[in-house]
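Shown here: entry_4.cif, mmCIF, C-alpha atoms.
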```cif
data_start
loop_
_atom_site.label_atom_id
_atom_site.label_comp_id
_atom_site.auth_asym_id
_atom_site.auth_seq_id
_atom_site.Cartn_x
_atom_site.Cartn_y
_atom_site.Cartn_z
CA MET A 1141 2.71 21.24 -3.64
CA SER A 1142 3.37 24.95 -3.69
CA SER A 1143 6.97 26.21 -3.53
CA ASP A 1144 6.36 27.10 0.13
CA ASP A 1145 5.12 23.57 0.84
CA VAL A 1146 8.20 22.08 -0.84
CA ALA A 1147 10.48 24.31 1.25
CA PHE A 1148 8.58 23.33 4.41
CA MET A 1149 8.95 19.61 3.67
CA GLN A 1150 12.62 19.96 2.75
CA ASP A 1151 13.20 21.65 6.09
CA MET A 1152 11.47 18.77 7.88
CA LYS A 1153 13.28 16.07 5.93
CA GLN A 1154 16.08 14.42 7.90
CA GLY A 1155 17.56 12.44 5.03
CA GLU A 1156 16.95 9.17 3.22
CA GLN A 1157 17.37 5.58 4.34
CA HIS A 1158 17.90 2.51 2.18
CA VAL A 1159 16.70 -0.82 3.56
CA ALA A 1160 17.22 -4.34 2.24
CA PRO A 1161 14.44 -6.80 1.37
CA GLY A 1162 13.11 -8.48 4.50
CA THR A 1163 13.96 -5.54 6.77
CA VAL A 1164 11.34 -4.86 9.44
CA VAL A 1165 10.89 -1.09 9.21
CA PHE A 1166 8.43 -0.99 12.12
CA SER A 1167 7.65 -3.79 14.57
CA GLN A 1168 4.26 -4.12 16.19
CA GLY A 1169 4.41 -2.21 19.47
CA ASP A 1170 7.30 0.02 18.36
CA LYS A 1171 7.44 3.63 19.51
CA PRO A 1172 9.67 4.88 16.70
CA ASP A 1173 11.47 8.20 16.55
CA HIS A 1174 10.95 8.50 12.80
CA LEU A 1175 8.18 8.49 10.20
CA TYR A 1176 8.75 7.78 6.53
CA THR A 1177 7.52 8.41 3.03
CA VAL A 1178 8.24 5.47 0.73
CA LEU A 1179 10.15 6.82 -2.27
CA GLU A 1180 10.96 3.46 -3.87
CA GLY A 1181 10.17 -0.19 -3.19
CA LYS A 1182 7.26 -2.18 -1.83
CA GLY A 1183 6.39 -3.95 1.39
CA LEU A 1184 3.74 -5.37 3.67
CA ARG A 1185 1.78 -4.17 6.65
CA HIS A 1186 0.99 -7.13 8.89
CA LYS A 1187 -0.30 -7.82 12.37
CA THR A 1188 0.75 -10.65 14.69
CA LEU A 1189 -2.22 -12.31 16.36
CA PRO A 1190 -2.16 -13.55 20.00
CA ASP A 1191 -1.61 -17.15 18.84
CA GLY A 1192 1.42 -16.13 16.76
CA ARG A 1193 -0.18 -16.20 13.33
CA ARG A 1194 0.44 -13.31 10.95
CA GLN A 1195 -2.35 -11.41 9.21
CA VAL A 1196 -1.49 -9.25 6.21
CA VAL A 1197 -3.31 -5.93 6.61
CA ASN A 1198 -2.27 -4.10 3.45
CA PHE A 1199 0.48 -3.61 0.90
CA VAL A 1200 3.00 -0.76 1.07
CA MET A 1201 3.53 1.10 -2.20
CA PRO A 1202 5.70 4.02 -3.39
CA GLY A 1203 4.22 7.28 -2.13
CA ASP A 1204 2.80 5.80 1.06
CA PHE A 1205 3.39 7.60 4.36
CA ILE A 1206 4.17 5.05 7.07
CA GLY A 1207 4.38 5.38 10.83
CA LEU A 1208 1.49 7.84 11.22
CA GLN A 1209 -0.21 5.37 13.55
CA ALA A 1210 2.69 5.65 16.01
CA GLY A 1211 2.85 9.40 15.53
CA VAL A 1212 -0.75 9.78 16.65
CA MET A 1213 -1.42 6.75 18.88
CA GLY A 1214 2.00 6.46 20.50
CA GLU A 1215 2.94 3.03 19.15
CA MET A 1216 2.59 0.88 16.06
CA ARG A 1217 -0.39 -1.47 16.15
CA HIS A 1218 0.97 -3.41 13.17
CA ALA A 1219 4.37 -4.10 11.59
CA VAL A 1220 5.79 -2.83 8.30
CA GLU A 1221 8.26 -5.06 6.44
CA ALA A 1222 10.18 -4.37 3.22
CA THR A 1223 9.51 -6.94 0.52
CA THR A 1224 11.98 -5.35 -1.89
CA ALA A 1225 14.83 -2.93 -1.38
CA MET A 1226 13.26 0.36 -0.29
CA THR A 1227 14.28 4.01 -0.19
CA LEU A 1228 12.60 5.95 2.62
CA CYS A 1229 12.39 9.68 3.20
CA ILE A 1230 12.96 10.30 6.94
CA PHE A 1231 11.02 12.68 9.18
CA ASN A 1232 11.31 13.09 12.93
CA ARG A 1233 8.20 11.90 14.71
CA SER A 1234 8.40 14.90 17.03
CA ASP A 1235 8.01 17.22 14.02
CA LEU A 1236 4.60 15.79 13.11
CA TRP A 1237 2.76 18.41 15.16
CA LYS A 1238 4.63 21.21 13.40
CA VAL A 1239 2.68 20.30 10.28
CA PHE A 1240 -0.63 20.98 12.02
CA GLN A 1241 0.68 24.06 13.78
CA ASN A 1242 2.46 25.75 10.89
CA ASN A 1243 1.20 24.44 7.56
CA PRO A 1244 -2.58 23.88 7.22
CA SER A 1245 -2.38 22.75 3.59
CA ARG A 1246 0.12 20.01 4.43
CA ALA A 1247 -1.92 19.07 7.50
CA TYR A 1248 -4.94 18.64 5.24
CA ASP A 1249 -2.89 16.40 2.92
CA LEU A 1250 -1.82 14.28 5.88
CA THR A 1251 -5.43 13.94 7.03
CA TYR A 1252 -6.45 13.07 3.47
CA LEU A 1253 -3.91 10.25 3.35
CA ALA A 1254 -5.26 8.85 6.63
CA ALA A 1255 -8.80 9.04 5.22
CA ILE A 1256 -7.73 7.14 2.09
CA GLU A 1257 -6.30 4.33 4.21
CA GLU A 1258 -9.50 4.15 6.24
CA HIS A 1259 -11.55 4.02 3.05
CA LEU A 1260 -9.41 1.25 1.56
CA LEU A 1261 -9.69 -0.88 4.69
CA GLY A 1262 -13.46 -0.39 4.71
CA ASP A 1263 -13.66 -1.25 1.02
CA ALA A 1264 -11.57 -4.38 1.56
CA LEU A 1265 -13.73 -5.46 4.51
CA SER A 1266 -16.96 -5.01 2.54
CA ARG A 1267 -15.55 -7.06 -0.32
CA MET A 1268 -14.47 -9.86 2.01
CA GLY A 1269 -17.97 -9.91 3.43
CA GLN A 1270 -19.97 -9.68 0.22
CA HIS A 1271 -17.85 -10.77 -2.76
CA GLY A 1272 -16.46 -14.07 -3.94
CA ALA A 1273 -12.85 -14.98 -4.55
CA ARG A 1274 -12.89 -13.94 -8.20
CA GLU A 1275 -14.16 -10.44 -7.44
CA ARG A 1276 -11.79 -9.98 -4.50
CA VAL A 1277 -8.67 -11.03 -6.39
CA ALA A 1278 -9.55 -8.95 -9.46
CA TRP A 1279 -10.26 -5.88 -7.30
CA SER A 1280 -6.95 -6.20 -5.47
CA LEU A 1281 -4.86 -6.74 -8.62
CA HIS A 1282 -6.54 -3.80 -10.33
CA ARG A 1283 -5.90 -1.53 -7.34
CA LEU A 1284 -2.20 -2.48 -7.16
CA TYR A 1285 -1.83 -2.15 -10.93
CA ARG A 1286 -3.36 1.30 -11.18
CA ARG A 1287 -1.18 2.59 -8.32
CA ASP A 1288 1.92 1.82 -10.39
CA VAL A 1289 0.31 3.16 -13.56
CA ALA A 1290 -0.35 6.45 -11.76
CA ILE A 1291 3.35 6.96 -10.94
CA GLY A 1292 4.66 5.72 -14.30
CA ALA A 1293 6.14 2.52 -12.87
CA VAL A 1294 5.00 0.28 -15.74
CA ALA A 1295 7.77 -1.59 -17.55
CA GLY A 1296 8.21 -1.65 -21.32
CA ASP A 1297 6.44 -5.00 -21.50
CA GLY A 1298 3.40 -3.52 -19.74
CA SER A 1299 4.03 -5.26 -16.41
CA ILE A 1300 4.44 -3.90 -12.90
CA SER A 1301 6.45 -5.22 -9.99
CA LEU A 1302 4.35 -7.40 -7.68
CA PRO A 1303 6.98 -8.87 -5.37
CA PHE A 1304 4.62 -10.60 -2.95
CA ARG A 1305 3.64 -14.22 -2.36
CA GLN A 1306 0.26 -15.62 -3.30
CA GLN A 1307 -0.11 -16.39 0.42
CA ASP A 1308 0.23 -12.67 1.17
CA LEU A 1309 -2.59 -11.84 -1.24
CA ALA A 1310 -4.71 -14.68 0.14
CA ASP A 1311 -4.22 -13.42 3.71
CA ALA A 1312 -5.08 -9.84 2.78
CA LEU A 1313 -8.29 -10.97 1.05
CA GLY A 1314 -9.39 -13.58 3.59
CA LEU A 1315 -9.02 -16.46 1.13
CA SER A 1316 -7.30 -19.83 1.22
CA LEU A 1317 -4.11 -20.21 -0.79
CA VAL A 1318 -5.75 -22.91 -2.93
CA HIS A 1319 -8.71 -20.69 -3.77
CA THR A 1320 -6.42 -17.77 -4.58
CA ASN A 1321 -4.24 -19.93 -6.82
CA LYS A 1322 -7.25 -21.24 -8.75
CA THR A 1323 -8.63 -17.74 -9.24
CA LEU A 1324 -5.31 -16.43 -10.54
CA ALA A 1325 -5.13 -19.41 -12.92
CA GLN A 1326 -8.60 -18.55 -14.25
CA LEU A 1327 -7.66 -14.93 -14.90
CA LYS A 1328 -4.54 -16.11 -16.71
CA ALA A 1329 -6.48 -18.63 -18.83
CA GLU A 1330 -8.92 -15.87 -19.82
CA ASN A 1331 -5.99 -13.64 -20.80
CA VAL A 1332 -7.17 -10.94 -18.39
CA ALA A 1333 -4.10 -10.85 -16.14
CA ARG A 1334 -1.22 -13.06 -15.13
CA TRP A 1335 1.10 -12.93 -12.14
CA GLU A 1336 4.40 -14.68 -12.55
CA ARG A 1337 8.06 -14.22 -11.56
CA ARG A 1338 7.14 -11.31 -9.27
CA ARG A 1339 5.58 -9.35 -12.15
CA LEU A 1340 1.91 -8.60 -12.85
CA PHE A 1341 0.79 -8.37 -16.49
CA VAL A 1342 -2.68 -6.87 -16.98
CA HIS A 1343 -3.79 -7.59 -20.53
CA GLN A 1344 -7.33 -6.29 -20.15
CA PRO A 1345 -7.53 -3.58 -17.47
CA GLU A 1346 -11.19 -2.75 -18.12
CA THR A 1347 -12.21 -6.41 -17.94
CA LEU A 1348 -10.24 -6.83 -14.70
CA ALA A 1349 -12.05 -3.79 -13.29
CA GLN A 1350 -15.43 -5.18 -14.35
CA ILE A 1351 -14.70 -8.53 -12.70
CA GLY A 1352 -13.55 -6.75 -9.53
CA LEU A 1353 -16.65 -4.52 -9.53
CA VAL A 1354 -14.41 -1.46 -9.46
CA GLU A 1355 -16.50 1.70 -9.30
CA GLN A 1356 -13.76 4.26 -9.98
CA LEU A 1357 -11.53 3.32 -12.88
CA GLN A 1358 -9.03 6.19 -12.60
CA PRO A 1359 -6.66 6.37 -9.61
CA GLU A 1360 -7.18 9.21 -7.18
CA THR A 1361 -4.62 11.96 -6.93
CA ARG A 1362 -2.72 11.24 -3.73
CA PRO A 1363 -0.71 13.86 -1.82
CA LEU A 1364 2.95 13.07 -1.23
CA MET A 1365 4.38 13.85 2.18
#
```

Would you give me this structure, written as structure tokens?
Amino acid sequence: MSSDDVAFMQDMKQGEQHVAPGTVVFSQGDKPDHLYTVLEGKGLRHKTLPDGRRQVVNFVMPGDFIGLQAGVMGEMRHAVEATTAMTLCIFNRSDLWKVFQNNPSRAYDLTYLAAIEEHLLGDALSRMGQHGARERVAWSLHRLYRRDVAIGAVAGDGSISLPFRQQDLADALGLSLVHTNKTLAQLKAENVARWERRRLFVHQPETLAQIGLVEQLQPETRPLM
């Protein structure tokens, strides 16, 4: 961001909020007064189906801008829940339009973030339709791993935080828990990657990318709101 962009965002910023693991940041159907940038921590986006079942839509990572759906459509069509402790940068929902009115470069960044989310959902849907469990799991692990690599969130032992359940990954990829568990066991046996004690160790990133049929190996530069 330029110095003017930084000043603009600082003026919009209302403060920071710390939430505990398990906190529902947004409920489905909420019409929240605030939007957030995730500064620290991870979570889940999920949707409650008419029969009460929960479908994981995506994972929330540091740098994500959450609540845009409510800012544009009036209400949240899915929920956002903190899996770990999270630190959120707070913006007033009513100030969203000021971005488009007064700062075209920031408005472009906001549109770019929305386009990235649309692309990821389309990519995930195509993989669920055309790829097997092995490719889906490898693609997802590689995507989550490279997000943390991009922000320098890799621990000294080469692992990243992956504080989700195998059921969450299975739901997001349209797989059964049994199938997901077997696939993860295969990747571990091949010394490609292992997920244990809420940490993901990727021993062979290029091999994981090849298995997941990843086309772009380097993470994209993402704007931060």

Phe1148 in chain A environment, 12 Å, only C-alpha atoms, sequence neighbours closer than 3 positions dropped, as a list in words:
Met1141, Ser1142, Ser1143, Asp1144, Asp1145, Asp1151, Met1152, Lys1153, Phe1231, Asp1235, Lys1238, Val1239, Asn1242, Asn1243, Pro1244, Ser1245, Arg1246, Ala1247 and Met1365 of chain A

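If you look at CA of Gln1154 in chain A and CA of Glu1258 in chain A, they are 27.6 Å away from each other.
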
Please indicate the distance in Å from CA of Thr1188 in chain A to CA of Gln1307 in chain A, rounded to one decimal place.
15.4 Å

For this file, the PyMOL selection byres ((chain A and resi 1281) around 9) selects which residues, as a PyMOL selection string?
chain A and resi 1276-1280+1282-1286+1333+1340+1342+1348+1352

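Evaluated against this file, the PyMOL selection byres ((chain A and resi 1321) around 12) yields A:Ala1273, A:Arg1274, A:Val1277, A:Arg1305, A:Gln1306, A:Gln1307, A:Asp1308, A:Leu1309, A:Ala1310, A:Leu1315, A:Ser1316, A:Leu1317, A:Val1318, A:His1319, A:Thr1320, A:Lys1322, A:Thr1323, A:Leu1324, A:Ala1325, A:Gln1326, A:Leu1327, A:Lys1328, A:Arg1334, A:Trp1335, A:Glu1336.
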
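Using only C-alpha atoms, the residues found no farther than 8 Å from Leu1253 in chain A, other than those of its own chain fewer than 3 positions away, are Phe1205, Asp1249, Leu1250, Ile1256, Glu1257, Arg1362 and Pro1363 of chain A.
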
Output file for the selection above: C-alpha atoms, as a short mmCIF file (atom, residue, chain, number, x, y, z; two decimals), in the coordinates of the input:
```
data_model
loop_
_atom_site.label_atom_id
_atom_site.label_comp_id
_atom_site.auth_asym_id
_atom_site.auth_seq_id
_atom_site.Cartn_x
_atom_site.Cartn_y
_atom_site.Cartn_z
CA PHE A 1205 3.39 7.60 4.36
CA ASP A 1249 -2.89 16.40 2.92
CA LEU A 1250 -1.82 14.28 5.88
CA ILE A 1256 -7.73 7.14 2.09
CA GLU A 1257 -6.30 4.33 4.21
CA ARG A 1362 -2.72 11.24 -3.73
CA PRO A 1363 -0.71 13.86 -1.82
#
```

Between CA of Gly1211 in chain A and CA of Ala1312 in chain A, what distance in Å does the model show, to one decimal?
24.4 Å
